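Asker: See target-v5.cif below, with mmCIF, C-alpha atoms.
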```cif
data_final
#
loop_
_atom_site.label_atom_id
_atom_site.label_comp_id
_atom_site.auth_asym_id
_atom_site.auth_seq_id
_atom_site.Cartn_x
_atom_site.Cartn_y
_atom_site.Cartn_z
CA MET A 275 0.00 0.00 0.00
CA MET A 276 2.86 2.41 0.82
CA GLU A 277 4.24 1.77 -2.68
CA ARG A 278 0.94 2.89 -4.19
CA ILE A 279 0.98 6.05 -2.12
CA ALA A 280 4.61 6.73 -3.12
CA GLU A 281 3.60 6.59 -6.80
CA ALA A 282 0.37 8.57 -6.32
CA SER A 283 -0.21 12.15 -7.36
CA PRO A 284 0.76 14.90 -4.92
CA ARG A 285 -2.89 15.94 -4.59
CA PHE A 286 -3.87 12.40 -3.56
CA LYS A 287 -0.98 12.26 -1.07
CA ALA A 288 -2.10 15.56 0.43
CA ARG A 289 -5.63 14.26 0.85
CA VAL A 290 -4.40 11.03 2.45
CA ALA A 291 -2.29 13.13 4.86
CA GLY A 292 -5.40 15.17 5.71
CA VAL A 293 -7.46 12.04 6.35
CA LEU A 294 -4.74 10.55 8.55
CA TYR A 295 -4.42 13.78 10.53
CA PHE A 296 -8.14 13.99 11.25
CA PHE A 297 -8.37 10.26 11.99
CA SER A 298 -5.53 10.61 14.50
CA LEU A 299 -6.99 13.74 16.06
CA LEU A 300 -10.43 12.18 16.45
CA THR A 301 -9.02 8.89 17.77
CA ALA A 302 -6.85 10.67 20.33
CA GLY A 303 -9.69 12.95 21.43
CA PHE A 304 -12.25 10.17 21.65
CA THR A 305 -10.04 7.79 23.60
CA GLU A 306 -8.86 10.53 25.96
CA LYS A 307 -12.41 11.61 26.74
CA PHE A 308 -14.42 8.37 26.70
CA VAL A 309 -12.12 5.35 26.99
CA HIS A 310 -10.25 4.20 30.08
CA GLY A 311 -7.78 1.47 30.95
CA ARG A 312 -5.92 -0.54 28.34
CA LEU A 313 -8.20 0.58 25.54
CA ASN A 314 -7.11 4.15 26.23
CA TYR A 315 -3.51 3.12 25.58
CA ALA A 316 -4.50 1.26 22.42
CA GLY A 317 -6.40 4.27 21.08
CA GLY A 318 -3.45 6.52 21.87
CA TYR A 319 -1.05 4.24 20.01
CA ILE A 320 -3.38 4.07 17.01
CA ALA A 321 -3.46 7.88 16.93
CA ILE A 322 0.34 8.00 17.17
CA LEU A 323 0.72 5.53 14.28
CA GLY A 324 -1.66 7.64 12.19
CA MET A 325 0.38 10.77 12.94
CA ALA A 326 3.61 8.94 12.05
CA ALA A 327 2.17 7.86 8.69
CA MET A 328 0.86 11.39 8.06
CA THR A 329 4.29 12.82 8.88
CA LEU A 330 6.02 10.56 6.35
CA ILE A 331 3.51 11.41 3.62
CA PHE A 332 3.79 15.12 4.41
CA TYR A 333 7.59 14.80 4.18
CA ASP A 334 7.16 13.45 0.66
CA ILE A 335 4.92 16.39 -0.22
CA LEU A 336 7.26 19.04 1.21
CA LYS A 337 10.67 17.64 0.22
CA PRO A 338 10.73 19.54 -3.11
CA VAL A 339 10.79 22.78 -1.08
CA ASN A 340 13.81 21.84 1.03
CA ARG A 341 14.69 18.19 1.53
CA SER A 342 16.95 18.79 4.56
CA LEU A 343 14.43 20.91 6.49
CA SER A 344 11.63 18.52 5.62
CA LEU A 345 13.72 15.62 6.95
CA LEU A 346 14.53 17.61 10.10
CA ALA A 347 10.80 18.19 10.58
CA VAL A 348 10.21 14.42 10.38
CA PHE A 349 12.94 13.80 12.95
CA VAL A 350 11.47 16.40 15.33
CA ALA A 351 7.96 14.96 14.87
CA PHE A 352 9.16 11.42 15.57
CA VAL A 353 10.96 12.51 18.74
CA GLY A 354 7.73 14.13 19.92
CA LEU A 355 5.69 11.05 18.98
CA THR A 356 8.15 8.91 20.93
CA PHE A 357 7.62 11.07 24.02
CA GLU A 358 3.88 10.70 23.48
CA ALA A 359 4.08 6.92 23.01
CA LEU A 360 6.16 6.50 26.16
CA ARG A 361 3.95 9.02 27.97
CA LEU A 362 7.01 10.86 29.23
CA GLN A 363 6.16 14.17 30.85
CA PRO A 364 9.13 15.27 32.92
CA GLN A 365 8.19 17.80 35.60
CA GLY A 366 4.62 17.73 34.33
CA LEU A 367 5.51 19.34 31.00
CA ASN A 368 3.97 17.98 27.84
CA ILE A 369 7.22 17.63 25.90
CA ALA A 370 5.43 15.97 22.98
CA LEU A 371 3.52 19.21 22.33
CA VAL A 372 6.76 21.20 22.51
CA PHE A 373 8.29 19.01 19.81
CA HIS A 374 5.07 19.35 17.83
CA GLY A 375 5.52 23.12 18.13
CA PHE A 376 8.98 22.92 16.57
CA TYR A 377 7.55 20.63 13.87
CA CYS A 378 4.81 23.16 13.11
CA ILE A 379 7.32 26.00 12.80
CA LEU A 380 9.48 24.00 10.38
CA VAL A 381 6.48 22.87 8.35
CA GLY A 382 5.06 26.40 8.39
CA TYR A 383 8.30 27.70 6.88
CA LEU A 384 8.28 24.96 4.23
CA ILE A 385 4.66 25.69 3.33
CA PHE A 386 5.39 29.42 3.16
CA ARG A 387 8.31 28.75 0.79
CA SER A 388 6.36 26.32 -1.36
CA THR A 389 4.70 27.34 -4.59
CA PHE A 390 1.93 24.73 -4.35
CA LEU A 391 0.21 25.72 -1.08
CA PRO A 392 -1.12 29.13 0.02
CA ARG A 393 1.38 31.14 2.07
CA ILE A 394 -1.24 31.98 4.67
CA LEU A 395 -1.29 28.30 5.64
CA GLY A 396 2.43 28.48 6.38
CA MET A 397 1.91 31.49 8.60
CA LEU A 398 -0.98 29.79 10.42
CA MET A 399 1.11 26.66 10.96
CA ALA A 400 4.08 28.65 12.31
CA PHE A 401 1.71 30.55 14.62
CA ALA A 402 0.36 27.19 15.82
CA GLY A 403 3.92 26.14 16.52
CA LEU A 404 4.43 29.17 18.75
CA ALA A 405 1.24 28.30 20.60
CA TRP A 406 2.45 24.73 21.21
CA LEU A 407 5.80 26.03 22.44
CA THR A 408 4.01 27.61 25.40
CA PHE A 409 3.97 24.09 26.85
CA LEU A 410 7.61 24.66 27.83
CA SER A 411 6.29 26.42 30.94
CA ASN A 412 3.36 25.24 33.05
CA PRO A 413 2.65 28.75 34.41
CA LEU A 414 2.63 30.15 30.86
CA VAL A 415 0.31 27.36 29.65
CA ASN A 416 -2.06 27.99 32.52
CA TYR A 417 -2.00 31.76 31.95
CA LEU A 418 -2.64 31.52 28.19
CA SER A 419 -5.11 28.65 28.29
CA PRO A 420 -7.42 28.18 26.34
CA TYR A 421 -6.10 30.71 23.80
CA ASN A 422 -2.90 28.78 23.16
CA LEU A 423 -4.89 25.60 22.52
CA VAL A 424 -7.29 27.34 20.17
CA SER A 425 -4.40 29.00 18.29
CA GLY A 426 -2.51 25.72 17.99
CA LEU A 427 -5.52 23.78 16.78
CA LEU A 428 -6.55 26.59 14.40
CA GLY A 429 -3.21 26.41 12.61
CA ASP A 430 -3.01 22.62 12.53
CA VAL A 431 -6.61 22.04 11.51
CA SER A 432 -6.64 24.76 8.82
CA VAL A 433 -3.61 23.23 7.09
CA PHE A 434 -4.88 19.68 7.17
CA LEU A 435 -8.43 20.71 6.28
CA TRP A 436 -6.97 22.46 3.23
CA LEU A 437 -5.02 19.32 2.35
CA LEU A 438 -8.13 17.18 2.78
CA VAL A 439 -10.42 19.38 0.70
CA MET A 440 -8.13 21.09 -1.82
CA GLY A 441 -4.93 19.05 -1.80
CA VAL A 442 -1.96 20.76 -3.42
CA ASN A 443 -1.56 22.47 -6.76
CA ALA A 444 -0.18 19.44 -8.60
CA GLN A 445 1.24 21.41 -11.53
CA ARG A 446 3.18 23.78 -9.27
CA TRP A 447 4.32 20.85 -7.10
CA LYS A 448 5.70 19.09 -10.18
CA GLU A 449 7.41 22.30 -11.31
CA GLN A 450 9.04 22.79 -7.91
CA ALA A 451 9.98 19.10 -7.71
CA GLY A 452 11.39 19.30 -11.22
CA THR A 453 13.60 22.29 -10.45
CA VAL A 454 14.91 20.54 -7.33
CA GLY A 455 15.64 17.40 -9.32
CA ALA A 456 17.37 19.39 -12.06
CA SER A 457 19.58 21.24 -9.58
CA ILE A 458 20.62 17.97 -7.90
CA ARG A 459 21.62 16.40 -11.25
CA THR A 460 23.83 19.32 -12.28
#
```
Please express the file's structure as structure tokens.
Answerer:
Amino acid sequence: MMERIAEASPRFKARVAGVLYFFSLLTAGFTEKFVHGRLNYAGGYIAILGMAAMTLIFYDILKPVNRSLSLLAVFVAFVGLTFEALRLQPQGLNIALVFHGFYCILVGYLIFRSTFLPRILGMLMAFAGLAWLTFLSNPLVNYLSPYNLVSGLLGDVSVFLWLLVMGVNAQRWKEQAGTVGASIRT
């Protein structure tokens, strides 16, 4: 199945990334609110696997913009997902959300620099990243809550809703991917 996705059009990949994001978000929210015990862990791990798959697909979409930064974003996301999977929260801080904040800033920059997604989405994603970075300090999180949560979700959801509904401009994606490929060959 991953081979099919690798060969698929960029618009299809974007829509799959959007579906995986919303599936993960809904699974995490539902299990956190309504499920307890071992099923809560299972739902959390399913959400994490969905986010990991979405991250890899989104890497493939954004690598024509800057392969190194896109790979760094994947690394940062996977570190955060590892913290989430192990449920590590040193000193009560949600480190997974901090790593997600750095991921959002990197992805926001890549979206802003892309020619195949609207720049406003990049700005919204970077703003979401700043909101998630407030989780570095419990007093700051408590002071800014719920505005930091709303800002973070607004940026995340707007990007992935765009991907789900509109996808990417496939022609511009191919042009940007083609110029990257041409510069690597020379």
Asker: Show which residues sit within 12 Å of segment 380-382 of chain A, as a PyMOL selection string. Count only C-alpha atoms, and ignore same-chain residues fewer than 2 positions away.
Answerer: chain A and resi 329+332-333+335-337+339-351+373-378+384-388+391-404+429-430+432-434
Asker: Could you list, as a compact mmCIF listing (two decimals) with C-alpha atoms, in the frame of the given file, every residue matched by the PyMOL selection byres ((chain A and resi 293) around 10) in this structure?
Answerer:
```
# COMPACT_ATOMS: atom_id res chain seq x y z
CA LYS A 287 -0.98 12.26 -1.07
CA ALA A 288 -2.10 15.56 0.43
CA ARG A 289 -5.63 14.26 0.85
CA VAL A 290 -4.40 11.03 2.45
CA ALA A 291 -2.29 13.13 4.86
CA GLY A 292 -5.40 15.17 5.71
CA LEU A 294 -4.74 10.55 8.55
CA TYR A 295 -4.42 13.78 10.53
CA PHE A 296 -8.14 13.99 11.25
CA PHE A 297 -8.37 10.26 11.99
CA SER A 298 -5.53 10.61 14.50
CA LEU A 299 -6.99 13.74 16.06
CA GLY A 324 -1.66 7.64 12.19
CA MET A 328 0.86 11.39 8.06
CA PHE A 434 -4.88 19.68 7.17
CA LEU A 435 -8.43 20.71 6.28
CA LEU A 437 -5.02 19.32 2.35
CA LEU A 438 -8.13 17.18 2.78
CA VAL A 439 -10.42 19.38 0.70
```
Asker: Just how far from atom CA of Asn314 of chain A is atom CA of Thr408 of chain A, in Å to one decimal?
Answerer: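 So the answer is 26.0 Å.
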Asker: Find the distance between atom CA of Leu410 of chain A and atom CA of Gln363 of chain A and write it in Å to one decimal.
Answerer: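 So the two atoms, atom CA of Leu410 of chain A and atom CA of Gln363 of chain A, lie 11.0 Å apart.
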Asker: For atom CA of Leu371 of chain A and atom CA of Phe286 of chain A, determine how far apart the two atoms are, in Å to one decimal place.
Answerer: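 Taking atom CA of Leu371 of chain A as the start and atom CA of Phe286 of chain A as the end point, the length is 27.8 Å.
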Asker: Identify the residues within 12 Å of coordinate (5.3, 12.1, 22.2) (same frame as the file), considering only C-alpha atoms, and give the answer as a PyMOL selection string.
Answerer: chain A and resi 318-319+321-323+325-326+350-364+367-375
Asker: As JSON, please: the centre and edge lengths in Å, to one decimal, of an axis-aligned box enclosing every listed atom of segment 322-330 of chain A with 5 Å added on each side.
Answerer:
```
{"center_x": 2.2, "center_y": 9.2, "center_z": 11.8, "size_x": 17.7, "size_y": 17.3, "size_z": 20.8}
```
Asker: Rank A:Leu407, A:Phe308, A:Gln445, A:Met440 by their smallest atom-to-atom distance to Asn422 of chain A, using only C-alpha atoms, and report the top residue only.
Answerer: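 Selected residue with least distance to Asn422 of chain A: A:Leu407.
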Asker: Kindly indicate which residue among A:Asn443, A:Thr389, A:Ser425, A:Gln450 lies nearest to Pro338 of chain A, using all atoms listed in the file for the distances.
Answerer: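 Once distances to Pro338 of chain A are computed over all atoms listed in the file, the minimum belongs to A:Gln450.
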